[in-house]
Amino acid sequence: MQRAWWRDAVFYQIYPRSFADANRDGVGDLEGIRHHLDHLVWLGVDAIWLSPFYRSPQRDFGYDVADHCAVDPLFGTLEDFDRLLTDAHARGIRVIVDWVPNHVSNEHPWFEDARTGKDRPHRDWFVWRDGTPDEPPNNWIAAFPPDSRAWSFDAASDQWFLHLFLPTQPDLDWDNPAVESAMHDVLRFWLDRGVDGFRADVLHAIAKPEGLPDAPPEYEGIPYCALNDIPSVHPRLRKIRAVLDEYGDDRMMIGEVYLLETRQIAPYYGTPEDPELHLSFLMPLMHTPWTAEGFAARMDEVAAELEPRDAWPVWVLSSHDAVRHPTRIDRYLTTWAGAAGAARVDPAATERRARAAAVLLLTQRGTPFLYQGEELGLAEATIPPDQVQDPGGRDGCRAPVPWSEQPGHGWERPWLPLPPDARRRNAASERADPSSTLHFYRRLIALRRATPALREGASTRIDAPDGVLAWRREHPLGDRLVLVNFTGAEVDLPALDGAWCVELDTTAAEGQAAGVTVPSRLGPDQALVLAPR
């Protein structure tokens, strides 16, 4: 059987507002993405995921959809999307788009109709409950604003409506077959245009528990979207999979199943007899401390939960919803681990760790997802209080990507401040510097593409000194060993079984690592990929 393309692909997430601005209004757009496709080709990625560009009042920056089948004028037109899709495909880049099935904007025509009366056609497309203004139907907490309840009272009808996110994002009621049918039609609209698949937003939330009971007291204060894990979701996922399968076996869906443990996420893949998701993000990865022990536990957990299902893992360290991982690692090492203060952060060590993290991400058994600007080593942006825009506090990771050395770095009036050190960490400067993080990512992606063991091979952890994580990728065409030093100190390496040479070294410039004898010690924050000699 032909191997599914998404198992070998390197995906690259694009947050359109912040990727590239073609019309110079300060907000990224579809034409900006199209104009920079050659950057992605040069980098070596195989597929892009576009965060929402649909018509929206932008209260949750596109995740409050007002029309699932229209492009918001802020980002361009439907014709712009078609050109982007055509040009990406011409370059060999697949395109997946965000699908937001759990909720809509309160400005969506469905909800505007629903709130005008209990007898309206779309009233039962949403989750309504009786009550008084002082007593919500249950104790569920919304994802944001922080510590807010997941219900809003509609005075006109004396009922509450459910919203697991902002009050301007009412939840759809998937118990209504008309809702399910309409959302399947949204999938077909984009599949008919030629998209290669979808990233499904909070997909696990499209089923709610019967009776909507209170969350248990021990989970008080945790947003309910991180607790909702209802068996009735699985038949719905199988129907969604059937829609994709109508278009052949090369269309795919990756789910955002924002649950707290990998064992909870694994069932969302379904079974070979009843498949559900092709891929699912493993959310615990972005909450793993930067230690060899922490990531060893994650690797073991992923193998234990997914391999028996023949489910293919997804590896991701940064996204539009999480602090960029170079900054997150620094914060862990300086604060969460009880070290000195953040002022003691060493930029050189931050850079070393970012490259080690890239090796960790791109040599695992599974599909890696990069987040825009990760290849430049971008850190979290500092957003002054008077420029904060996101109700969920995620502006820092959404800062615009710097493209050039010139003032503004490719942005005339950016909607958010740029990341730190944009004069050095921009695409043009790093492209001109073979020793840059950008070139390192390119070499690493090329190595992954050229090496069957890194794309397809089995993965087995091997013994290593404290602070070092090591694993073997096994393949008939040749194994690879990967070693990552999570510490800021030199570490002795044990004798390795067999004869090996260095194939990639996070501390070596382009062309300097291949064929080098394996050192007896790993340097601080150093990672190596070893090939048979």
# chains A, B, ... in the order shown; residues from 1 in each chain; ligands from 1

$ residues_around --residues "Ala156 in chain A" --least-positions-apart "4" --cutoff "12 Å" --atoms "only C-alpha atoms" --output "ChimeraX atom specification"
/A:114-118,133,160

$ write_last_selection --atoms "N, CA, C and O atoms" --output "short mmCIF file (atom, residue, chain, number, x, y, z; two decimals), in the first residue's frame"
data_model
loop_
_atom_site.label_atom_id
_atom_site.label_comp_id
_atom_site.auth_asym_id
_atom_site.auth_seq_id
_atom_site.Cartn_x
_atom_site.Cartn_y
_atom_site.Cartn_z
N ALA A 114 -31.42 32.72 15.63
CA ALA A 114 -31.79 31.96 16.83
C ALA A 114 -32.18 32.86 17.98
O ALA A 114 -33.12 32.54 18.73
N ARG A 115 -31.55 33.98 18.14
CA ARG A 115 -31.79 34.80 19.33
C ARG A 115 -33.00 35.72 19.17
O ARG A 115 -33.34 36.45 20.11
N THR A 116 -33.65 35.70 18.00
CA THR A 116 -34.83 36.55 17.82
C THR A 116 -36.10 35.90 18.33
O THR A 116 -37.15 36.55 18.35
N GLY A 117 -36.06 34.64 18.74
CA GLY A 117 -37.25 34.02 19.30
C GLY A 117 -37.11 32.53 19.43
O GLY A 117 -36.35 31.88 18.68
N LYS A 118 -37.85 31.94 20.39
CA LYS A 118 -37.74 30.51 20.65
C LYS A 118 -38.30 29.67 19.51
O LYS A 118 -38.01 28.47 19.43
N PRO A 133 -31.37 35.11 35.78
CA PRO A 133 -30.10 35.81 35.52
C PRO A 133 -29.03 35.57 36.56
O PRO A 133 -27.84 35.77 36.29
N TRP A 160 -30.42 30.90 29.06
CA TRP A 160 -28.97 30.97 28.96
C TRP A 160 -28.53 30.24 27.69
O TRP A 160 -29.13 29.24 27.29
#

$ closest_atom_pairs --of "range 268-375 of chain A" --to "range 481-486 of chain A" --cutoff "12 Å" --atoms "only C-alpha atoms" --output "tab-separated table"
residue	atom	partner	partner_atom	distance
A:Pro289	CA	A:Phe486	CA	10.4
A:Trp290	CA	A:Phe486	CA	6.9
A:Thr291	CA	A:Phe486	CA	5.7
A:Ala292	CA	A:Phe486	CA	5.9
A:Glu293	CA	A:Phe486	CA	9.4
A:Gly294	CA	A:Phe486	CA	10.3
A:Phe295	CA	A:Phe486	CA	9.9
A:Ala296	CA	A:Val484	CA	11.0
A:Ile329	CA	A:Phe486	CA	10.4
A:Leu333	CA	A:Phe486	CA	10.5
A:Ala349	CA	A:Phe486	CA	11.0
A:Thr350	CA	A:Phe486	CA	11.7
A:Arg352	CA	A:Phe486	CA	10.2
A:Arg353	CA	A:Phe486	CA	7.8
A:Ala354	CA	A:Phe486	CA	11.0
A:Arg355	CA	A:Val484	CA	10.1
A:Ala356	CA	A:Val484	CA	6.4
A:Ala357	CA	A:Val484	CA	8.4
A:Ala358	CA	A:Val484	CA	10.3
A:Val359	CA	A:Val484	CA	7.8
A:Leu360	CA	A:Val484	CA	7.2
A:Leu361	CA	A:Val484	CA	11.0
A:Leu362	CA	A:Val482	CA	10.6
A:Thr363	CA	A:Val482	CA	7.6
A:Gln364	CA	A:Val482	CA	9.3
A:Arg365	CA	A:Val482	CA	11.8

$ closest_atom_pairs --of "range 346-428 of chain A" --to "range 36-56 of chain A" --cutoff "12 Å" --atoms "only C-alpha atoms" --output "CSV"
residue,atom,partner,partner_atom,distance
A:Leu362,CA,A:Val45,CA,11.5
A:Thr367,CA,A:Asp46,CA,11.0
A:Pro368,CA,A:Val45,CA,10.2
A:Phe369,CA,A:Trp49,CA,9.1
A:Leu370,CA,A:Val45,CA,9.0
A:Tyr371,CA,A:Trp49,CA,9.4
A:Gln372,CA,A:Ile48,CA,9.8
A:Gly373,CA,A:Leu40,CA,11.0
A:Glu374,CA,A:Leu43,CA,11.5
A:Glu375,CA,A:Leu43,CA,8.5
A:Leu376,CA,A:Leu43,CA,10.9
A:Arg398,CA,A:Ser51,CA,11.5
A:Val401,CA,A:His36,CA,11.5
A:Trp403,CA,A:His36,CA,9.6
A:Gly410,CA,A:His36,CA,11.6
A:Ala427,CA,A:His39,CA,8.5
A:Ala428,CA,A:His39,CA,10.0

$ write_last_selection --atoms "N, CA, C and O atoms" --output "PDB file, in the first residue's frame"
ATOM      1  N   LEU A 362      12.092  17.063  15.035  1.00  0.00           N
ATOM      2  CA  LEU A 362      12.114  16.592  13.654  1.00  0.00           C
ATOM      3  C   LEU A 362      12.721  15.197  13.471  1.00  0.00           C
ATOM      4  O   LEU A 362      12.774  14.703  12.343  1.00  0.00           O
ATOM      5  N   THR A 367       4.677  12.814  12.827  1.00  0.00           N
ATOM      6  CA  THR A 367       4.601  13.972  11.944  1.00  0.00           C
ATOM      7  C   THR A 367       4.884  15.237  12.738  1.00  0.00           C
ATOM      8  O   THR A 367       4.187  15.520  13.717  1.00  0.00           O
ATOM      9  N   PRO A 368       5.900  16.029  12.321  1.00  0.00           N
ATOM     10  CA  PRO A 368       6.199  17.271  13.029  1.00  0.00           C
ATOM     11  C   PRO A 368       5.435  18.456  12.446  1.00  0.00           C
ATOM     12  O   PRO A 368       5.229  18.549  11.237  1.00  0.00           O
ATOM     13  N   PHE A 369       5.027  19.363  13.324  1.00  0.00           N
ATOM     14  CA  PHE A 369       4.422  20.629  12.935  1.00  0.00           C
ATOM     15  C   PHE A 369       5.317  21.767  13.425  1.00  0.00           C
ATOM     16  O   PHE A 369       5.637  21.839  14.621  1.00  0.00           O
ATOM     17  N   LEU A 370       5.717  22.630  12.508  1.00  0.00           N
ATOM     18  CA  LEU A 370       6.441  23.851  12.854  1.00  0.00           C
ATOM     19  C   LEU A 370       5.457  25.006  12.912  1.00  0.00           C
ATOM     20  O   LEU A 370       4.440  24.999  12.215  1.00  0.00           O
ATOM     21  N   TYR A 371       5.780  26.010  13.698  1.00  0.00           N
ATOM     22  CA  TYR A 371       4.977  27.227  13.764  1.00  0.00           C
ATOM     23  C   TYR A 371       5.764  28.369  13.132  1.00  0.00           C
ATOM     24  O   TYR A 371       6.971  28.485  13.350  1.00  0.00           O
ATOM     25  N   GLN A 372       5.103  29.174  12.331  1.00  0.00           N
ATOM     26  CA  GLN A 372       5.768  30.219  11.563  1.00  0.00           C
ATOM     27  C   GLN A 372       6.780  30.993  12.401  1.00  0.00           C
ATOM     28  O   GLN A 372       6.511  31.387  13.536  1.00  0.00           O
ATOM     29  N   GLY A 373       7.977  31.195  11.832  1.00  0.00           N
ATOM     30  CA  GLY A 373       9.035  31.909  12.530  1.00  0.00           C
ATOM     31  C   GLY A 373       9.879  31.037  13.430  1.00  0.00           C
ATOM     32  O   GLY A 373      10.948  31.459  13.883  1.00  0.00           O
ATOM     33  N   GLU A 374       9.431  29.814  13.689  1.00  0.00           N
ATOM     34  CA  GLU A 374      10.221  28.886  14.496  1.00  0.00           C
ATOM     35  C   GLU A 374      11.574  28.650  13.837  1.00  0.00           C
ATOM     36  O   GLU A 374      12.592  28.526  14.513  1.00  0.00           O
ATOM     37  N   GLU A 375      11.570  28.612  12.495  1.00  0.00           N
ATOM     38  CA  GLU A 375      12.804  28.372  11.763  1.00  0.00           C
ATOM     39  C   GLU A 375      13.787  29.527  11.880  1.00  0.00           C
ATOM     40  O   GLU A 375      14.971  29.385  11.569  1.00  0.00           O
ATOM     41  N   LEU A 376      13.316  30.688  12.346  1.00  0.00           N
ATOM     42  CA  LEU A 376      14.191  31.843  12.576  1.00  0.00           C
ATOM     43  C   LEU A 376      14.676  31.910  14.021  1.00  0.00           C
ATOM     44  O   LEU A 376      15.470  32.783  14.371  1.00  0.00           O
ATOM     45  N   ARG A 398       2.000  35.553  18.621  1.00  0.00           N
ATOM     46  CA  ARG A 398       1.363  35.899  17.351  1.00  0.00           C
ATOM     47  C   ARG A 398       1.976  37.133  16.698  1.00  0.00           C
ATOM     48  O   ARG A 398       1.436  37.652  15.725  1.00  0.00           O
ATOM     49  N   VAL A 401       5.955  38.031  11.650  1.00  0.00           N
ATOM     50  CA  VAL A 401       7.227  37.435  11.233  1.00  0.00           C
ATOM     51  C   VAL A 401       8.081  38.508  10.562  1.00  0.00           C
ATOM     52  O   VAL A 401       7.631  39.161   9.619  1.00  0.00           O
ATOM     53  N   TRP A 403      10.674  39.841   7.952  1.00  0.00           N
ATOM     54  CA  TRP A 403      11.123  39.313   6.670  1.00  0.00           C
ATOM     55  C   TRP A 403      12.413  39.941   6.176  1.00  0.00           C
ATOM     56  O   TRP A 403      13.184  39.301   5.475  1.00  0.00           O
ATOM     57  N   GLY A 410       9.596  44.408   6.823  1.00  0.00           N
ATOM     58  CA  GLY A 410       8.554  43.888   5.952  1.00  0.00           C
ATOM     59  C   GLY A 410       7.150  44.292   6.347  1.00  0.00           C
ATOM     60  O   GLY A 410       6.182  43.901   5.685  1.00  0.00           O
ATOM     61  N   ALA A 427      14.110  36.869   8.005  1.00  0.00           N
ATOM     62  CA  ALA A 427      14.351  35.851   6.987  1.00  0.00           C
ATOM     63  C   ALA A 427      15.496  36.219   6.058  1.00  0.00           C
ATOM     64  O   ALA A 427      16.299  35.349   5.687  1.00  0.00           O
ATOM     65  N   ALA A 428      15.608  37.496   5.688  1.00  0.00           N
ATOM     66  CA  ALA A 428      16.666  37.888   4.750  1.00  0.00           C
ATOM     67  C   ALA A 428      18.043  37.741   5.377  1.00  0.00           C
ATOM     68  O   ALA A 428      18.971  37.199   4.758  1.00  0.00           O
TER      69      ALA A 428
END

$ residues_around --residues "Phe111 in chain A" --least-positions-apart "5" --cutoff "8 Å" --atoms "only C-alpha atoms" --output "compact mmCIF listing (two decimals) with N, CA and C atoms, in the first residue's frame"
# COMPACT_ATOMS: atom_id res chain seq x y z
N VAL A 104 -19.73 29.29 16.68
CA VAL A 104 -19.72 30.31 15.64
C VAL A 104 -19.67 31.67 16.32
N SER A 105 -19.59 32.72 15.52
CA SER A 105 -19.72 34.09 16.04
C SER A 105 -21.18 34.38 16.36
N ASN A 106 -21.39 35.25 17.34
CA ASN A 106 -22.77 35.69 17.60
C ASN A 106 -23.31 36.56 16.46
N HIS A 122 -33.46 28.43 13.58
CA HIS A 122 -32.12 28.07 14.06
C HIS A 122 -32.01 28.07 15.59
N ARG A 123 -33.14 28.23 16.27
CA ARG A 123 -33.06 28.29 17.73
C ARG A 123 -32.41 27.04 18.31
N PHE A 126 -28.41 25.77 18.73
CA PHE A 126 -27.53 26.20 19.81
C PHE A 126 -28.02 25.60 21.13
N PRO A 170 -21.11 31.47 20.64
CA PRO A 170 -22.07 30.46 21.11
C PRO A 170 -21.77 29.09 20.53

$ atom_distance --atom1 "CA of Leu285 in chain A" --atom2 "CA of Val316 in chain A"
7.0 Å

$ select_by_dssp --residues "range 163-199 of chain A" --states "alpha helix (DSSP H)" --output "ChimeraX atom specification"
/A:177-193

$ write_last_selection --atoms "N, CA and C atoms" --output "short mmCIF file (atom, residue, chain, number, x, y, z; two decimals), in the first residue's frame"
data_model
loop_
_atom_site.label_atom_id
_atom_site.label_comp_id
_atom_site.auth_asym_id
_atom_site.auth_seq_id
_atom_site.Cartn_x
_atom_site.Cartn_y
_atom_site.Cartn_z
N PRO A 177 -29.42 17.07 14.13
CA PRO A 177 -28.87 16.56 12.85
C PRO A 177 -28.67 17.65 11.80
N ALA A 178 -29.45 18.73 11.87
CA ALA A 178 -29.29 19.82 10.90
C ALA A 178 -27.94 20.51 11.06
N VAL A 179 -27.48 20.63 12.29
CA VAL A 179 -26.16 21.23 12.55
C VAL A 179 -25.07 20.34 11.96
N GLU A 180 -25.14 19.07 12.25
CA GLU A 180 -24.15 18.12 11.73
C GLU A 180 -24.10 18.17 10.21
N SER A 181 -25.27 18.18 9.56
CA SER A 181 -25.32 18.22 8.10
C SER A 181 -24.73 19.51 7.56
N ALA A 182 -25.05 20.64 8.20
CA ALA A 182 -24.52 21.92 7.73
C ALA A 182 -23.01 21.99 7.85
N MET A 183 -22.46 21.45 8.94
CA MET A 183 -21.01 21.50 9.12
C MET A 183 -20.31 20.51 8.19
N HIS A 184 -20.95 19.41 7.85
CA HIS A 184 -20.40 18.53 6.82
C HIS A 184 -20.34 19.25 5.47
N ASP A 185 -21.35 20.06 5.20
CA ASP A 185 -21.36 20.81 3.94
C ASP A 185 -20.23 21.84 3.89
N VAL A 186 -19.87 22.39 5.05
CA VAL A 186 -18.72 23.30 5.08
C VAL A 186 -17.46 22.55 4.64
N LEU A 187 -17.28 21.35 5.15
CA LEU A 187 -16.13 20.54 4.72
C LEU A 187 -16.15 20.33 3.21
N ARG A 188 -17.31 19.99 2.69
CA ARG A 188 -17.40 19.72 1.25
C ARG A 188 -17.11 20.97 0.43
N PHE A 189 -17.51 22.14 0.93
CA PHE A 189 -17.24 23.38 0.20
C PHE A 189 -15.74 23.55 -0.04
N TRP A 190 -14.94 23.34 1.00
CA TRP A 190 -13.49 23.53 0.87
C TRP A 190 -12.83 22.34 0.17
N LEU A 191 -13.35 21.14 0.38
CA LEU A 191 -12.82 19.99 -0.35
C LEU A 191 -13.06 20.14 -1.85
N ASP A 192 -14.21 20.66 -2.22
CA ASP A 192 -14.50 20.89 -3.63
C ASP A 192 -13.54 21.92 -4.24
N ARG A 193 -13.04 22.83 -3.43
CA ARG A 193 -12.09 23.83 -3.93
C ARG A 193 -10.69 23.25 -4.05
#

$ closest_residue --among "A:Gly197, A:Gly408, A:Pro73, A:Gly26" --to "Trp5 in chain A" --atoms "only C-alpha atoms"
A:Gly197

$ closest_residue --among "A:Glu112, A:Glu220, A:Asp29, A:Asp346" --to "Asp147 in chain A" --atoms "only C-alpha atoms"
A:Glu220

$ residues_around --residues "Leu277 in chain A" --least-positions-apart "3" --cutoff "9 Å" --atoms "only C-alpha atoms" --output "list in words"
Leu237, Arg238, Ile240, Arg241, Met252, Met253, Ile254, Gly255, Tyr268, Tyr269, Gly270 and Ser280 of chain A

$ write_last_selection --atoms "C-alpha atoms" --output "PDB file, in the first residue's frame"
ATOM      1  CA  LEU A 237     -16.030  11.642  14.108  1.00  0.00           C
ATOM      2  CA  ARG A 238     -16.638   8.540  12.017  1.00  0.00           C
ATOM      3  CA  ILE A 240     -16.750  13.305   9.499  1.00  0.00           C
ATOM      4  CA  ARG A 241     -14.135  10.787   8.350  1.00  0.00           C
ATOM      5  CA  MET A 252      -6.878  14.219   5.916  1.00  0.00           C
ATOM      6  CA  MET A 253      -7.881  15.800   9.210  1.00  0.00           C
ATOM      7  CA  ILE A 254      -5.829  16.584  12.285  1.00  0.00           C
ATOM      8  CA  GLY A 255      -7.781  17.244  15.426  1.00  0.00           C
ATOM      9  CA  TYR A 268      -9.883   9.870  18.800  1.00  0.00           C
ATOM     10  CA  TYR A 269      -7.876   8.088  16.105  1.00  0.00           C
ATOM     11  CA  GLY A 270     -10.515   5.361  16.057  1.00  0.00           C
ATOM     12  CA  SER A 280      -4.297  14.429  16.555  1.00  0.00           C
TER      13      SER A 280
END

$ residues_around --residues "Arg473 in chain A" --least-positions-apart "3" --cutoff "10 Å" --atoms "only C-alpha atoms" --output "list of chain:residue names"
A:Thr363, A:Gln364, A:Arg365, A:Pro452, A:Ala453, A:Leu454, A:Arg455, A:Glu456, A:Gly457, A:Ala458, A:Ser459, A:Thr460, A:Arg461, A:Gly478, A:Asp479, A:Arg480, A:Leu481, A:Val482

$ write_last_selection --atoms "N, CA, C and O atoms" --output "PDB file, in the first residue's frame"
ATOM      1  N   THR A 363      13.138  14.583  14.544  1.00  0.00           N
ATOM      2  CA  THR A 363      13.671  13.215  14.423  1.00  0.00           C
ATOM      3  C   THR A 363      12.823  12.184  15.167  1.00  0.00           C
ATOM      4  O   THR A 363      13.217  11.030  15.266  1.00  0.00           O
ATOM      5  N   GLN A 364      11.668  12.596  15.666  1.00  0.00           N
ATOM      6  CA  GLN A 364      10.784  11.653  16.330  1.00  0.00           C
ATOM      7  C   GLN A 364      10.030  10.801  15.312  1.00  0.00           C
ATOM      8  O   GLN A 364       9.850  11.174  14.155  1.00  0.00           O
ATOM      9  N   ARG A 365       9.544   9.669  15.775  1.00  0.00           N
ATOM     10  CA  ARG A 365       8.616   8.858  14.982  1.00  0.00           C
ATOM     11  C   ARG A 365       7.267   9.558  15.004  1.00  0.00           C
ATOM     12  O   ARG A 365       6.587   9.601  16.030  1.00  0.00           O
ATOM     13  N   PRO A 452      15.174   7.411   5.374  1.00  0.00           N
ATOM     14  CA  PRO A 452      14.005   6.584   5.700  1.00  0.00           C
ATOM     15  C   PRO A 452      13.856   6.306   7.192  1.00  0.00           C
ATOM     16  O   PRO A 452      12.736   6.264   7.710  1.00  0.00           O
ATOM     17  N   ALA A 453      14.981   6.134   7.894  1.00  0.00           N
ATOM     18  CA  ALA A 453      14.887   5.841   9.324  1.00  0.00           C
ATOM     19  C   ALA A 453      14.216   6.968  10.087  1.00  0.00           C
ATOM     20  O   ALA A 453      13.464   6.724  11.038  1.00  0.00           O
ATOM     21  N   LEU A 454      14.481   8.216   9.701  1.00  0.00           N
ATOM     22  CA  LEU A 454      13.906   9.355  10.416  1.00  0.00           C
ATOM     23  C   LEU A 454      12.450   9.592  10.030  1.00  0.00           C
ATOM     24  O   LEU A 454      11.700  10.182  10.808  1.00  0.00           O
ATOM     25  N   ARG A 455      12.047   9.170   8.849  1.00  0.00           N
ATOM     26  CA  ARG A 455      10.656   9.339   8.432  1.00  0.00           C
ATOM     27  C   ARG A 455       9.777   8.168   8.883  1.00  0.00           C
ATOM     28  O   ARG A 455       8.658   8.369   9.336  1.00  0.00           O
ATOM     29  N   GLU A 456      10.300   6.965   8.736  1.00  0.00           N
ATOM     30  CA  GLU A 456       9.447   5.786   8.865  1.00  0.00           C
ATOM     31  C   GLU A 456       9.865   4.839   9.983  1.00  0.00           C
ATOM     32  O   GLU A 456       9.070   3.989  10.407  1.00  0.00           O
ATOM     33  N   GLY A 457      11.113   4.933  10.435  1.00  0.00           N
ATOM     34  CA  GLY A 457      11.669   3.894  11.279  1.00  0.00           C
ATOM     35  C   GLY A 457      11.022   3.777  12.643  1.00  0.00           C
ATOM     36  O   GLY A 457      10.453   4.736  13.175  1.00  0.00           O
ATOM     37  N   ALA A 458      11.126   2.580  13.196  1.00  0.00           N
ATOM     38  CA  ALA A 458      10.727   2.374  14.584  1.00  0.00           C
ATOM     39  C   ALA A 458      11.621   3.212  15.493  1.00  0.00           C
ATOM     40  O   ALA A 458      12.719   3.626  15.111  1.00  0.00           O
ATOM     41  N   SER A 459      11.139   3.454  16.696  1.00  0.00           N
ATOM     42  CA  SER A 459      11.882   4.301  17.633  1.00  0.00           C
ATOM     43  C   SER A 459      12.033   3.568  18.960  1.00  0.00           C
ATOM     44  O   SER A 459      11.048   3.073  19.519  1.00  0.00           O
ATOM     45  N   THR A 460      13.269   3.494  19.430  1.00  0.00           N
ATOM     46  CA  THR A 460      13.553   2.831  20.700  1.00  0.00           C
ATOM     47  C   THR A 460      14.471   3.715  21.527  1.00  0.00           C
ATOM     48  O   THR A 460      15.555   4.107  21.066  1.00  0.00           O
ATOM     49  N   ARG A 461      14.055   4.028  22.720  1.00  0.00           N
ATOM     50  CA  ARG A 461      14.946   4.793  23.599  1.00  0.00           C
ATOM     51  C   ARG A 461      16.108   3.926  24.050  1.00  0.00           C
ATOM     52  O   ARG A 461      15.943   2.723  24.269  1.00  0.00           O
ATOM     53  N   GLY A 478      19.165   1.479   7.034  1.00  0.00           N
ATOM     54  CA  GLY A 478      20.155   2.117   7.901  1.00  0.00           C
ATOM     55  C   GLY A 478      19.523   2.818   9.077  1.00  0.00           C
ATOM     56  O   GLY A 478      18.579   3.599   8.909  1.00  0.00           O
ATOM     57  N   ASP A 479      20.019   2.518  10.277  1.00  0.00           N
ATOM     58  CA  ASP A 479      19.521   3.149  11.493  1.00  0.00           C
ATOM     59  C   ASP A 479      20.128   4.533  11.680  1.00  0.00           C
ATOM     60  O   ASP A 479      21.103   4.908  11.026  1.00  0.00           O
ATOM     61  N   ARG A 480      19.546   5.280  12.619  1.00  0.00           N
ATOM     62  CA  ARG A 480      20.114   6.540  13.088  1.00  0.00           C
ATOM     63  C   ARG A 480      20.025   6.576  14.608  1.00  0.00           C
ATOM     64  O   ARG A 480      19.066   6.047  15.192  1.00  0.00           O
ATOM     65  N   LEU A 481      21.018   7.207  15.218  1.00  0.00           N
ATOM     66  CA  LEU A 481      20.970   7.492  16.647  1.00  0.00           C
ATOM     67  C   LEU A 481      20.822   8.999  16.835  1.00  0.00           C
ATOM     68  O   LEU A 481      21.442   9.784  16.111  1.00  0.00           O
ATOM     69  N   VAL A 482      20.009   9.382  17.814  1.00  0.00           N
ATOM     70  CA  VAL A 482      19.814  10.792  18.140  1.00  0.00           C
ATOM     71  C   VAL A 482      20.119  10.982  19.614  1.00  0.00           C
ATOM     72  O   VAL A 482      19.660  10.199  20.456  1.00  0.00           O
TER      73      VAL A 482
END

$ closest_atom_pairs --of "range 302-329 of chain A" --to "range 392-397 of chain A" --cutoff "9 Å" --atoms "only C-alpha atoms" --output "JSON lines"
{"residue": "A:Ser318", "atom": "CA", "partner": "A:Cys397", "partner_atom": "CA", "distance": 8.5}
{"residue": "A:Ser319", "atom": "CA", "partner": "A:Cys397", "partner_atom": "CA", "distance": 7.5}
{"residue": "A:His320", "atom": "CA", "partner": "A:Cys397", "partner_atom": "CA", "distance": 6.0}
{"residue": "A:Asp321", "atom": "CA", "partner": "A:Arg394", "partner_atom": "CA", "distance": 6.0}
{"residue": "A:Ala322", "atom": "CA", "partner": "A:Cys397", "partner_atom": "CA", "distance": 6.7}
{"residue": "A:Val323", "atom": "CA", "partner": "A:Cys397", "partner_atom": "CA", "distance": 5.6}
{"residue": "A:Arg324", "atom": "CA", "partner": "A:Cys397", "partner_atom": "CA", "distance": 5.7}

$ write_last_selection --atoms "N, CA and C atoms" --output "compact mmCIF listing (two decimals), in the first residue's frame"
# COMPACT_ATOMS: atom_id res chain seq x y z
N SER A 318 5.43 24.55 19.39
CA SER A 318 4.91 25.92 19.42
C SER A 318 3.69 26.02 18.54
N SER A 319 2.83 27.01 18.83
CA SER A 319 1.65 27.27 18.02
C SER A 319 1.16 28.68 18.32
N HIS A 320 0.05 29.04 17.69
CA HIS A 320 -0.55 30.35 17.91
C HIS A 320 -1.21 30.47 19.29
N ASP A 321 -1.28 29.36 20.02
CA ASP A 321 -1.94 29.34 21.33
C ASP A 321 -0.97 29.17 22.49
N ALA A 322 0.32 29.05 22.21
CA ALA A 322 1.28 28.73 23.27
C ALA A 322 2.50 29.65 23.19
N VAL A 323 3.09 29.93 24.33
CA VAL A 323 4.34 30.70 24.36
C VAL A 323 5.36 30.00 23.48
N ARG A 324 6.06 30.77 22.64
CA ARG A 324 7.07 30.17 21.76
C ARG A 324 8.08 29.38 22.59
